[in-house]
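Visitor: Questions regarding the structure given below will be posed in turn.
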Amino acid sequence: MEHMMRAVGYRTPGGPSVLEDLELAAPTPGPRDLLVRVEAVSVNPVDVKVRAGTDPGSEPRVLGFDAAGVVQAVGAEVTLFAPGDEVYYAGSIDRPGTNQELHLVDERIAGRKPVSLGFAEAAALPLTAITAWETLFDRFRLGADSTGTLVVLGAAGGAGSMVIQLARALTKLRVIGTASRPDSRQWALDLGAHAVVGHDELPEDVDYIFSPFTAGRIEDFARALRPGGAITAIDEPPGLDLLPLKAKSISFHWELMFTRPLFRTPDMVVQHELLNRVAELVDAGTVRHTMTAHLGRIDAGSLRKAHELVEDGHMTGKVVLSGFRG
């Protein structure tokens with residue numbers, strides 16, 4: 001008899017109102033998969049973008065790119081985890097999302113949940129932690145002895161919050177955040193930013209810029225950066241003109257934390273390893289979780305509210321839901 005599970009998804013693109021409660025068949029793990037009982041999820045801008053702009057076709061699509069939960073079963077080739085293990089992860093954009101009771105994730109992109117955190121707090125971390133780690137150490141190629149100045153745009157957002165913390169914990173950079181409200185400025189300072197300026201007040205002679213808001217800013221970045229500086233962007237503004245960067249030989253990088261699982265790269269396991277390292281930093285008290293709102297159980301009504309908060313664009317930290325209805 002087919003086992004059914006609860007989930008939340010959508011059938012046609014649109015606003016948060018298109019999200020609906022679903023009953024779906026429970027999935028079966030592939031060779032490298034973990035079958036995870038999802039205890040908590042968080043909502044990211046990617047959820048909003050996909051829901052608003054991607055037609056799922058004939059079958060409803062389940063969103064969700066962050067989760068914390070307990071391994072229920074494992075595929076035949078799994079070596080990193082066993083049933084009963086507590087994990088956290090961000091999944092992959094080409095597979096069903098985490099807004100369902102039972103979820104499949106490749107073991108190579110899941111990490112050990114920080115033991116010092118509950119499931120809700122842990123679910124706030126994976127996507128932004130991977131984004132921040134890959135920005136600093138894969139794109140900028142920084143190390144423990146790296147110095148210079150890093151500007152973090154949108155410092156109080158989910159990704160910016162983790163870039164600040166990991167840069168402070170694992171490099172010698174001076175970190176300057178941008179924020180517009182008193183509460184978001186204080187949030188960035190509390191996370192370790194050396195200074196916080198307005199979004200349009202970029203300091204000069206900086207070495208690195210992390211940008212979730214790149215549209216219309218390339219000339220500003222060119223003025224702010226030193227010759228040979230670098231930018232990493234996580235947004236996708238249409239018609240981006242990078243020519244103003246040439247005179248200073250400024251490098252421009254994209255960061256998409258789904259690249260490794262999307263292309264099944266040989267180094268996929270790096271995401272497992274970095275999530276374990278972040279868990280160690282959290283358990284040591286060096287890095288803190290970024291959950292700032294908890295909207296209750298995982299159902300369509302609560303997820304609609306979470307999508308509205310994220311879509312508004314003024315979130316400080318992350319919004320989380322935990323447990324399924326009923």
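The way I read the labels, and the way they are meant: chains A, B, ... in the order of the structure tokens, residue 1 as the first residue of every chain, and ligand 1 as the first ligand shown, with later ones counted on from there.
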For range 71-177 of chain A versus range 286-289 of chain A, which residues have an atom no more than 10 Å away, and what is each residue's nearest atom pair and distance in Å rounded to one decimal, using only C-alpha atoms, chain-then-number order, as JSON lines?
Guide:
{"residue": "A:Pro114", "atom": "CA", "partner": "A:His289", "partner_atom": "CA", "distance": 10.0}
{"residue": "A:Leu117", "atom": "CA", "partner": "A:His289", "partner_atom": "CA", "distance": 8.2}
{"residue": "A:Ala120", "atom": "CA", "partner": "A:His289", "partner_atom": "CA", "distance": 9.7}
{"residue": "A:Glu121", "atom": "CA", "partner": "A:His289", "partner_atom": "CA", "distance": 6.0}
{"residue": "A:Ala122", "atom": "CA", "partner": "A:His289", "partner_atom": "CA", "distance": 6.9}
{"residue": "A:Ala123", "atom": "CA", "partner": "A:His289", "partner_atom": "CA", "distance": 9.0}
{"residue": "A:Ala124", "atom": "CA", "partner": "A:His289", "partner_atom": "CA", "distance": 6.8}
{"residue": "A:Leu125", "atom": "CA", "partner": "A:His289", "partner_atom": "CA", "distance": 6.5}
{"residue": "A:Ala129", "atom": "CA", "partner": "A:His289", "partner_atom": "CA", "distance": 10.0}
{"residue": "A:Gly158", "atom": "CA", "partner": "A:His289", "partner_atom": "CA", "distance": 10.0}
{"residue": "A:Ser161", "atom": "CA", "partner": "A:His289", "partner_atom": "CA", "distance": 9.3}
{"residue": "A:Met162", "atom": "CA", "partner": "A:Val287", "partner_atom": "CA", "distance": 8.4}
{"residue": "A:Ile164", "atom": "CA", "partner": "A:Val287", "partner_atom": "CA", "distance": 9.8}
{"residue": "A:Gln165", "atom": "CA", "partner": "A:Val287", "partner_atom": "CA", "distance": 6.2}
{"residue": "A:Leu166", "atom": "CA", "partner": "A:Val287", "partner_atom": "CA", "distance": 7.4}
{"residue": "A:Arg168", "atom": "CA", "partner": "A:Thr286", "partner_atom": "CA", "distance": 9.4}
{"residue": "A:Ala169", "atom": "CA", "partner": "A:Thr286", "partner_atom": "CA", "distance": 6.8}
{"residue": "A:Leu170", "atom": "CA", "partner": "A:Thr286", "partner_atom": "CA", "distance": 10.0}
Visitor: List as a ChimeraX atom specification the protein and nucleic acid residues near range 293-307 of chain A, meaning an atom at most 8 Å away when only C-alpha atoms are counted, but skip any in the same chain fewer than 4 places from it.
Guide: /A:7-9,16-17,19-21,40-41,43,47-48,99,120,311,318-325
Visitor: Would you list the contacts of His199 in chain A as a ChimeraX atom specification, taking every protein, DNA or RNA residue within 9 Å and counting only C-alpha atoms, but skipping same-chain residues closer than 4 positions in sequence?
Guide: /A:153-154,177-180
Visitor: List the spatial neighbours of range 30-35 of chain A as a list in words - criterion: any atom at most 8 Å away, only C-alpha atoms, same-chain residues fewer than 2 positions off excluded.
Guide: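 Returned residues: Pro27, Thr28, Arg37, Val71, Gln72, Ala73, Val74, Gly75, Ala76, Glu77, Val78, Phe81, Leu102, His103, Leu104, Val105, Asp106, Glu107 and Arg108 of chain A.
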Visitor: I need the residues from that last selection saved to file as a PDB file, in the first residue's frame (with N, CA, C and O atoms), if you can.
Guide:
ATOM      1  N   PRO A  27       8.351   9.529  -0.919  1.00  0.00           N
ATOM      2  CA  PRO A  27       9.410   9.130  -1.856  1.00  0.00           C
ATOM      3  C   PRO A  27      10.234   7.947  -1.349  1.00  0.00           C
ATOM      4  O   PRO A  27      10.231   7.636  -0.163  1.00  0.00           O
ATOM      5  N   THR A  28      10.948   7.316  -2.269  1.00  0.00           N
ATOM      6  CA  THR A  28      11.836   6.200  -1.956  1.00  0.00           C
ATOM      7  C   THR A  28      13.272   6.615  -2.242  1.00  0.00           C
ATOM      8  O   THR A  28      13.563   7.148  -3.318  1.00  0.00           O
ATOM      9  N   ARG A  37      12.804  12.776   7.772  1.00  0.00           N
ATOM     10  CA  ARG A  37      11.563  13.299   8.327  1.00  0.00           C
ATOM     11  C   ARG A  37      11.806  14.765   8.665  1.00  0.00           C
ATOM     12  O   ARG A  37      12.593  15.103   9.542  1.00  0.00           O
ATOM     13  N   VAL A  71      17.011  11.471   9.909  1.00  0.00           N
ATOM     14  CA  VAL A  71      17.117  10.454   8.870  1.00  0.00           C
ATOM     15  C   VAL A  71      16.245   9.250   9.243  1.00  0.00           C
ATOM     16  O   VAL A  71      16.392   8.668  10.323  1.00  0.00           O
ATOM     17  N   GLN A  72      15.333   8.884   8.326  1.00  0.00           N
ATOM     18  CA  GLN A  72      14.454   7.736   8.534  1.00  0.00           C
ATOM     19  C   GLN A  72      14.969   6.478   7.845  1.00  0.00           C
ATOM     20  O   GLN A  72      14.784   5.367   8.333  1.00  0.00           O
ATOM     21  N   ALA A  73      15.573   6.651   6.670  1.00  0.00           N
ATOM     22  CA  ALA A  73      16.097   5.521   5.904  1.00  0.00           C
ATOM     23  C   ALA A  73      17.200   6.041   4.998  1.00  0.00           C
ATOM     24  O   ALA A  73      17.290   7.247   4.740  1.00  0.00           O
ATOM     25  N   VAL A  74      18.032   5.129   4.502  1.00  0.00           N
ATOM     26  CA  VAL A  74      19.156   5.532   3.649  1.00  0.00           C
ATOM     27  C   VAL A  74      19.222   4.631   2.428  1.00  0.00           C
ATOM     28  O   VAL A  74      18.780   3.476   2.454  1.00  0.00           O
ATOM     29  N   GLY A  75      19.797   5.181   1.333  1.00  0.00           N
ATOM     30  CA  GLY A  75      20.012   4.408   0.121  1.00  0.00           C
ATOM     31  C   GLY A  75      21.131   3.396   0.291  1.00  0.00           C
ATOM     32  O   GLY A  75      21.919   3.459   1.242  1.00  0.00           O
ATOM     33  N   ALA A  76      21.222   2.498  -0.662  1.00  0.00           N
ATOM     34  CA  ALA A  76      22.146   1.363  -0.564  1.00  0.00           C
ATOM     35  C   ALA A  76      23.610   1.779  -0.524  1.00  0.00           C
ATOM     36  O   ALA A  76      24.452   1.042   0.008  1.00  0.00           O
ATOM     37  N   GLU A  77      23.951   2.954  -1.075  1.00  0.00           N
ATOM     38  CA  GLU A  77      25.357   3.359  -1.142  1.00  0.00           C
ATOM     39  C   GLU A  77      25.721   4.455  -0.136  1.00  0.00           C
ATOM     40  O   GLU A  77      26.819   5.010  -0.181  1.00  0.00           O
ATOM     41  N   VAL A  78      24.822   4.757   0.781  1.00  0.00           N
ATOM     42  CA  VAL A  78      25.068   5.822   1.766  1.00  0.00           C
ATOM     43  C   VAL A  78      26.110   5.367   2.787  1.00  0.00           C
ATOM     44  O   VAL A  78      26.031   4.254   3.318  1.00  0.00           O
ATOM     45  N   PHE A  81      25.792   8.806   6.819  1.00  0.00           N
ATOM     46  CA  PHE A  81      24.742   8.925   7.830  1.00  0.00           C
ATOM     47  C   PHE A  81      24.052   7.587   8.026  1.00  0.00           C
ATOM     48  O   PHE A  81      24.168   6.681   7.196  1.00  0.00           O
ATOM     49  N   LEU A 102       8.297  13.948   4.389  1.00  0.00           N
ATOM     50  CA  LEU A 102       9.434  13.086   4.112  1.00  0.00           C
ATOM     51  C   LEU A 102      10.122  13.585   2.855  1.00  0.00           C
ATOM     52  O   LEU A 102       9.485  13.808   1.829  1.00  0.00           O
ATOM     53  N   HIS A 103      11.438  13.742   2.933  1.00  0.00           N
ATOM     54  CA  HIS A 103      12.162  14.412   1.856  1.00  0.00           C
ATOM     55  C   HIS A 103      13.446  13.661   1.538  1.00  0.00           C
ATOM     56  O   HIS A 103      14.116  13.142   2.444  1.00  0.00           O
ATOM     57  N   LEU A 104      13.790  13.623   0.257  1.00  0.00           N
ATOM     58  CA  LEU A 104      15.032  12.993  -0.180  1.00  0.00           C
ATOM     59  C   LEU A 104      16.112  14.034  -0.409  1.00  0.00           C
ATOM     60  O   LEU A 104      15.878  15.060  -1.057  1.00  0.00           O
ATOM     61  N   VAL A 105      17.309  13.750   0.093  1.00  0.00           N
ATOM     62  CA  VAL A 105      18.464  14.609  -0.160  1.00  0.00           C
ATOM     63  C   VAL A 105      19.695  13.732  -0.327  1.00  0.00           C
ATOM     64  O   VAL A 105      19.852  12.719   0.369  1.00  0.00           O
ATOM     65  N   ASP A 106      20.552  14.096  -1.266  1.00  0.00           N
ATOM     66  CA  ASP A 106      21.815  13.394  -1.451  1.00  0.00           C
ATOM     67  C   ASP A 106      22.673  13.599  -0.205  1.00  0.00           C
ATOM     68  O   ASP A 106      22.836  14.720   0.284  1.00  0.00           O
ATOM     69  N   GLU A 107      23.223  12.515   0.327  1.00  0.00           N
ATOM     70  CA  GLU A 107      23.997  12.604   1.571  1.00  0.00           C
ATOM     71  C   GLU A 107      25.182  13.562   1.455  1.00  0.00           C
ATOM     72  O   GLU A 107      25.625  14.141   2.452  1.00  0.00           O
ATOM     73  N   ARG A 108      25.678  13.769   0.228  1.00  0.00           N
ATOM     74  CA  ARG A 108      26.874  14.589   0.043  1.00  0.00           C
ATOM     75  C   ARG A 108      26.618  16.082   0.202  1.00  0.00           C
ATOM     76  O   ARG A 108      27.569  16.873   0.239  1.00  0.00           O
TER      77      ARG A 108
END
Visitor: Just want the 8 Å neighbourhood of range 203-213 of chain A, counted on only C-alpha atoms, with same-chain residues fewer than 4 positions away dropped. Output as a PDB file with N, CA, C and O atoms, in the first residue's frame.
Guide:
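The new file selection.pdb reads:
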ATOM      1  N   THR A 135      31.120  31.835  -1.267  1.00  0.00           N
ATOM      2  CA  THR A 135      31.528  33.190  -1.638  1.00  0.00           C
ATOM      3  C   THR A 135      32.931  33.493  -1.132  1.00  0.00           C
ATOM      4  O   THR A 135      33.806  33.944  -1.894  1.00  0.00           O
ATOM      5  N   PHE A 140      36.099  34.165  -3.716  1.00  0.00           N
ATOM      6  CA  PHE A 140      37.165  35.107  -3.367  1.00  0.00           C
ATOM      7  C   PHE A 140      38.484  34.398  -3.036  1.00  0.00           C
ATOM      8  O   PHE A 140      39.520  35.047  -2.946  1.00  0.00           O
ATOM      9  N   GLY A 148      42.371  42.791   4.324  1.00  0.00           N
ATOM     10  CA  GLY A 148      41.695  43.683   3.403  1.00  0.00           C
ATOM     11  C   GLY A 148      40.313  44.011   3.927  1.00  0.00           C
ATOM     12  O   GLY A 148      39.963  43.697   5.071  1.00  0.00           O
ATOM     13  N   THR A 149      39.508  44.663   3.085  1.00  0.00           N
ATOM     14  CA  THR A 149      38.180  45.105   3.487  1.00  0.00           C
ATOM     15  C   THR A 149      37.119  44.464   2.616  1.00  0.00           C
ATOM     16  O   THR A 149      37.202  44.492   1.388  1.00  0.00           O
ATOM     17  N   LEU A 150      36.129  43.891   3.267  1.00  0.00           N
ATOM     18  CA  LEU A 150      34.980  43.272   2.605  1.00  0.00           C
ATOM     19  C   LEU A 150      33.740  44.104   2.908  1.00  0.00           C
ATOM     20  O   LEU A 150      33.450  44.387   4.077  1.00  0.00           O
ATOM     21  N   VAL A 151      33.002  44.478   1.856  1.00  0.00           N
ATOM     22  CA  VAL A 151      31.709  45.140   2.026  1.00  0.00           C
ATOM     23  C   VAL A 151      30.609  44.114   1.772  1.00  0.00           C
ATOM     24  O   VAL A 151      30.609  43.435   0.741  1.00  0.00           O
ATOM     25  N   VAL A 152      29.691  44.005   2.711  1.00  0.00           N
ATOM     26  CA  VAL A 152      28.580  43.064   2.621  1.00  0.00           C
ATOM     27  C   VAL A 152      27.297  43.860   2.420  1.00  0.00           C
ATOM     28  O   VAL A 152      26.790  44.485   3.352  1.00  0.00           O
ATOM     29  N   LEU A 153      26.792  43.868   1.184  1.00  0.00           N
ATOM     30  CA  LEU A 153      25.521  44.543   0.932  1.00  0.00           C
ATOM     31  C   LEU A 153      24.380  43.730   1.537  1.00  0.00           C
ATOM     32  O   LEU A 153      24.429  42.499   1.549  1.00  0.00           O
ATOM     33  N   GLY A 154      23.354  44.419   2.022  1.00  0.00           N
ATOM     34  CA  GLY A 154      22.237  43.712   2.646  1.00  0.00           C
ATOM     35  C   GLY A 154      22.705  42.892   3.828  1.00  0.00           C
ATOM     36  O   GLY A 154      22.351  41.717   3.968  1.00  0.00           O
ATOM     37  N   GLY A 160      23.758  37.775   3.931  1.00  0.00           N
ATOM     38  CA  GLY A 160      24.686  38.744   4.492  1.00  0.00           C
ATOM     39  C   GLY A 160      25.048  38.441   5.932  1.00  0.00           C
ATOM     40  O   GLY A 160      26.206  38.596   6.347  1.00  0.00           O
ATOM     41  N   ARG A 217      24.381  48.939  -9.915  1.00  0.00           N
ATOM     42  CA  ARG A 217      25.431  49.258  -8.951  1.00  0.00           C
ATOM     43  C   ARG A 217      26.842  49.043  -9.485  1.00  0.00           C
ATOM     44  O   ARG A 217      27.818  49.307  -8.752  1.00  0.00           O
ATOM     45  N   PHE A 221      30.333  50.053  -7.671  1.00  0.00           N
ATOM     46  CA  PHE A 221      31.311  49.061  -7.236  1.00  0.00           C
ATOM     47  C   PHE A 221      32.691  49.377  -7.824  1.00  0.00           C
ATOM     48  O   PHE A 221      33.714  49.238  -7.141  1.00  0.00           O
ATOM     49  N   ARG A 223      33.921  52.253  -8.549  1.00  0.00           N
ATOM     50  CA  ARG A 223      34.521  53.371  -7.805  1.00  0.00           C
ATOM     51  C   ARG A 223      35.023  52.921  -6.439  1.00  0.00           C
ATOM     52  O   ARG A 223      36.074  53.378  -5.959  1.00  0.00           O
ATOM     53  N   ALA A 224      34.280  52.042  -5.781  1.00  0.00           N
ATOM     54  CA  ALA A 224      34.604  51.657  -4.408  1.00  0.00           C
ATOM     55  C   ALA A 224      35.791  50.702  -4.322  1.00  0.00           C
ATOM     56  O   ALA A 224      36.566  50.750  -3.357  1.00  0.00           O
ATOM     57  N   LEU A 225      35.948  49.838  -5.311  1.00  0.00           N
ATOM     58  CA  LEU A 225      36.958  48.797  -5.233  1.00  0.00           C
ATOM     59  C   LEU A 225      38.343  49.276  -5.639  1.00  0.00           C
ATOM     60  O   LEU A 225      38.498  50.118  -6.523  1.00  0.00           O
ATOM     61  N   ARG A 226      39.342  48.714  -5.000  1.00  0.00           N
ATOM     62  CA  ARG A 226      40.720  48.942  -5.392  1.00  0.00           C
ATOM     63  C   ARG A 226      41.003  48.202  -6.700  1.00  0.00           C
ATOM     64  O   ARG A 226      40.313  47.248  -7.042  1.00  0.00           O
ATOM     65  N   GLY A 228      42.195  45.450  -8.989  1.00  0.00           N
ATOM     66  CA  GLY A 228      42.350  44.033  -8.684  1.00  0.00           C
ATOM     67  C   GLY A 228      41.359  43.504  -7.678  1.00  0.00           C
ATOM     68  O   GLY A 228      41.472  42.346  -7.247  1.00  0.00           O
ATOM     69  N   GLY A 229      40.367  44.318  -7.304  1.00  0.00           N
ATOM     70  CA  GLY A 229      39.353  43.879  -6.357  1.00  0.00           C
ATOM     71  C   GLY A 229      38.412  42.856  -6.964  1.00  0.00           C
ATOM     72  O   GLY A 229      38.549  42.458  -8.125  1.00  0.00           O
ATOM     73  N   ALA A 230      37.436  42.417  -6.159  1.00  0.00           N
ATOM     74  CA  ALA A 230      36.550  41.344  -6.614  1.00  0.00           C
ATOM     75  C   ALA A 230      35.140  41.538  -6.076  1.00  0.00           C
ATOM     76  O   ALA A 230      34.943  42.047  -4.975  1.00  0.00           O
ATOM     77  N   ILE A 231      34.174  41.107  -6.884  1.00  0.00           N
ATOM     78  CA  ILE A 231      32.758  41.136  -6.536  1.00  0.00           C
ATOM     79  C   ILE A 231      32.212  39.721  -6.634  1.00  0.00           C
ATOM     80  O   ILE A 231      32.541  38.992  -7.577  1.00  0.00           O
ATOM     81  N   THR A 232      31.371  39.328  -5.698  1.00  0.00           N
ATOM     82  CA  THR A 232      30.571  38.118  -5.863  1.00  0.00           C
ATOM     83  C   THR A 232      29.109  38.504  -5.719  1.00  0.00           C
ATOM     84  O   THR A 232      28.714  39.105  -4.715  1.00  0.00           O
ATOM     85  N   ALA A 233      28.307  38.152  -6.728  1.00  0.00           N
ATOM     86  CA  ALA A 233      26.887  38.489  -6.754  1.00  0.00           C
ATOM     87  C   ALA A 233      26.050  37.224  -6.680  1.00  0.00           C
ATOM     88  O   ALA A 233      26.411  36.189  -7.253  1.00  0.00           O
ATOM     89  N   ILE A 234      24.904  37.316  -5.987  1.00  0.00           N
ATOM     90  CA  ILE A 234      24.004  36.166  -5.895  1.00  0.00           C
ATOM     91  C   ILE A 234      22.664  36.434  -6.571  1.00  0.00           C
ATOM     92  O   ILE A 234      21.802  35.563  -6.598  1.00  0.00           O
ATOM     93  N   ASP A 235      22.482  37.648  -7.111  1.00  0.00           N
ATOM     94  CA  ASP A 235      21.246  37.956  -7.835  1.00  0.00           C
ATOM     95  C   ASP A 235      21.489  37.810  -9.331  1.00  0.00           C
ATOM     96  O   ASP A 235      22.593  37.436  -9.753  1.00  0.00           O
TER      97      ASP A 235
END
Visitor: Considering only C-alpha atoms, state which residue in the set A:Ser42, A:Gln100, A:Thr79, A:Thr171 is at the smallest distance from Val62 in chain A.
Guide: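 Between A:Ser42, A:Gln100, A:Thr79, A:Thr171, the residue approaching Val62 in chain A most closely is A:Gln100.
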Visitor: Measuring atom to atom with only C-alpha atoms, identify which of A:Gly69, A:Pro227, A:Pro56, A:Pro83 is nearest to Gly14 in chain A.
Guide: A:Pro56
Visitor: List the neighbours of Lys172 in chain A out to 8 Å using only C-alpha atoms; skip same-chain residues closer than 6 positions along the sequence, and give me the result as a list in words.
Guide: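 My reading of the contact set: Ala144, Asp145, Ser146, Thr147 and Gly148 of chain A.
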Visitor: Keeping only N, CA and C atoms, take the residues you just selected and write them out as a CSV table (one decimal), in the first residue's frame.
Guide:
chain,number,residue,atom,x,y,z
A,144,ALA,N,42.7,31.8,6.1
A,144,ALA,CA,42.7,32.3,7.5
A,144,ALA,C,43.5,33.5,7.7
A,145,ASP,N,44.5,33.8,6.8
A,145,ASP,CA,45.4,34.9,7.0
A,145,ASP,C,45.0,36.1,6.0
A,146,SER,N,43.9,35.9,5.3
A,146,SER,CA,43.5,37.0,4.3
A,146,SER,C,43.2,38.3,5.1
A,147,THR,N,43.6,39.4,4.5
A,147,THR,CA,43.3,40.7,5.1
A,147,THR,C,42.7,41.6,4.0
A,148,GLY,N,42.4,42.8,4.3
A,148,GLY,CA,41.7,43.7,3.4
A,148,GLY,C,40.3,44.0,3.9
Visitor: Can you list, as a ChimeraX atom specification, all residues belonging to range 54-224 of chain A that DSSP tags as strand (DSSP E)?
Guide: /A:61-62,67-74,86-89,102-106,110-112,149-152,174-178,195-197,206-211
Visitor: For a test of reading the model, state the distance in Å between CA of Ala110 in chain A and CA of Leu256 in chain A, rounded to one decimal.
Guide: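 For CA of Ala110 in chain A relative to CA of Leu256 in chain A, the distance reads 16.6 Å.
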Visitor: Do you know which residues are at most 7 Å from Asp283 in chain A counting only C-alpha atoms, after dropping those on the same chain fewer than 2 positions away, and could you put them as a list in words?
Guide: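 Once the adjacent positions are removed, what remains is Pro114, Val115, Ser116, Ala279, Glu280, Leu281 and Gly285 of chain A.
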Visitor: Could you find all residues in range 44-104 of chain A that DSSP calls alpha helix (DSSP H) from the backbone, and write them as number ranges by chain?
Guide: A: 45-53
Visitor: So which one's closest to Pro182 in chain A, A:Leu274, A:Ile109, A:Val196, A:Ala26? Using only C-alpha atoms, please.
Guide: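 Result for the nearest residue to Pro182 in chain A: A:Val196.
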Visitor: Have a look at A:Ile93, A:Val18, A:Leu202, A:Leu24 and name the one nearest to Ile218 in chain A; count only C-alpha atoms.
Guide: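 Closest candidate: A:Leu202.
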Visitor: Check the smallest atom-to-atom distance from each of A:Met257, A:Ala82, A:Val87, A:Ala25 to Glu39 in chain A using only C-alpha atoms, then report the winner.
Guide: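 Selected residue with least distance to Glu39 in chain A: A:Val87.
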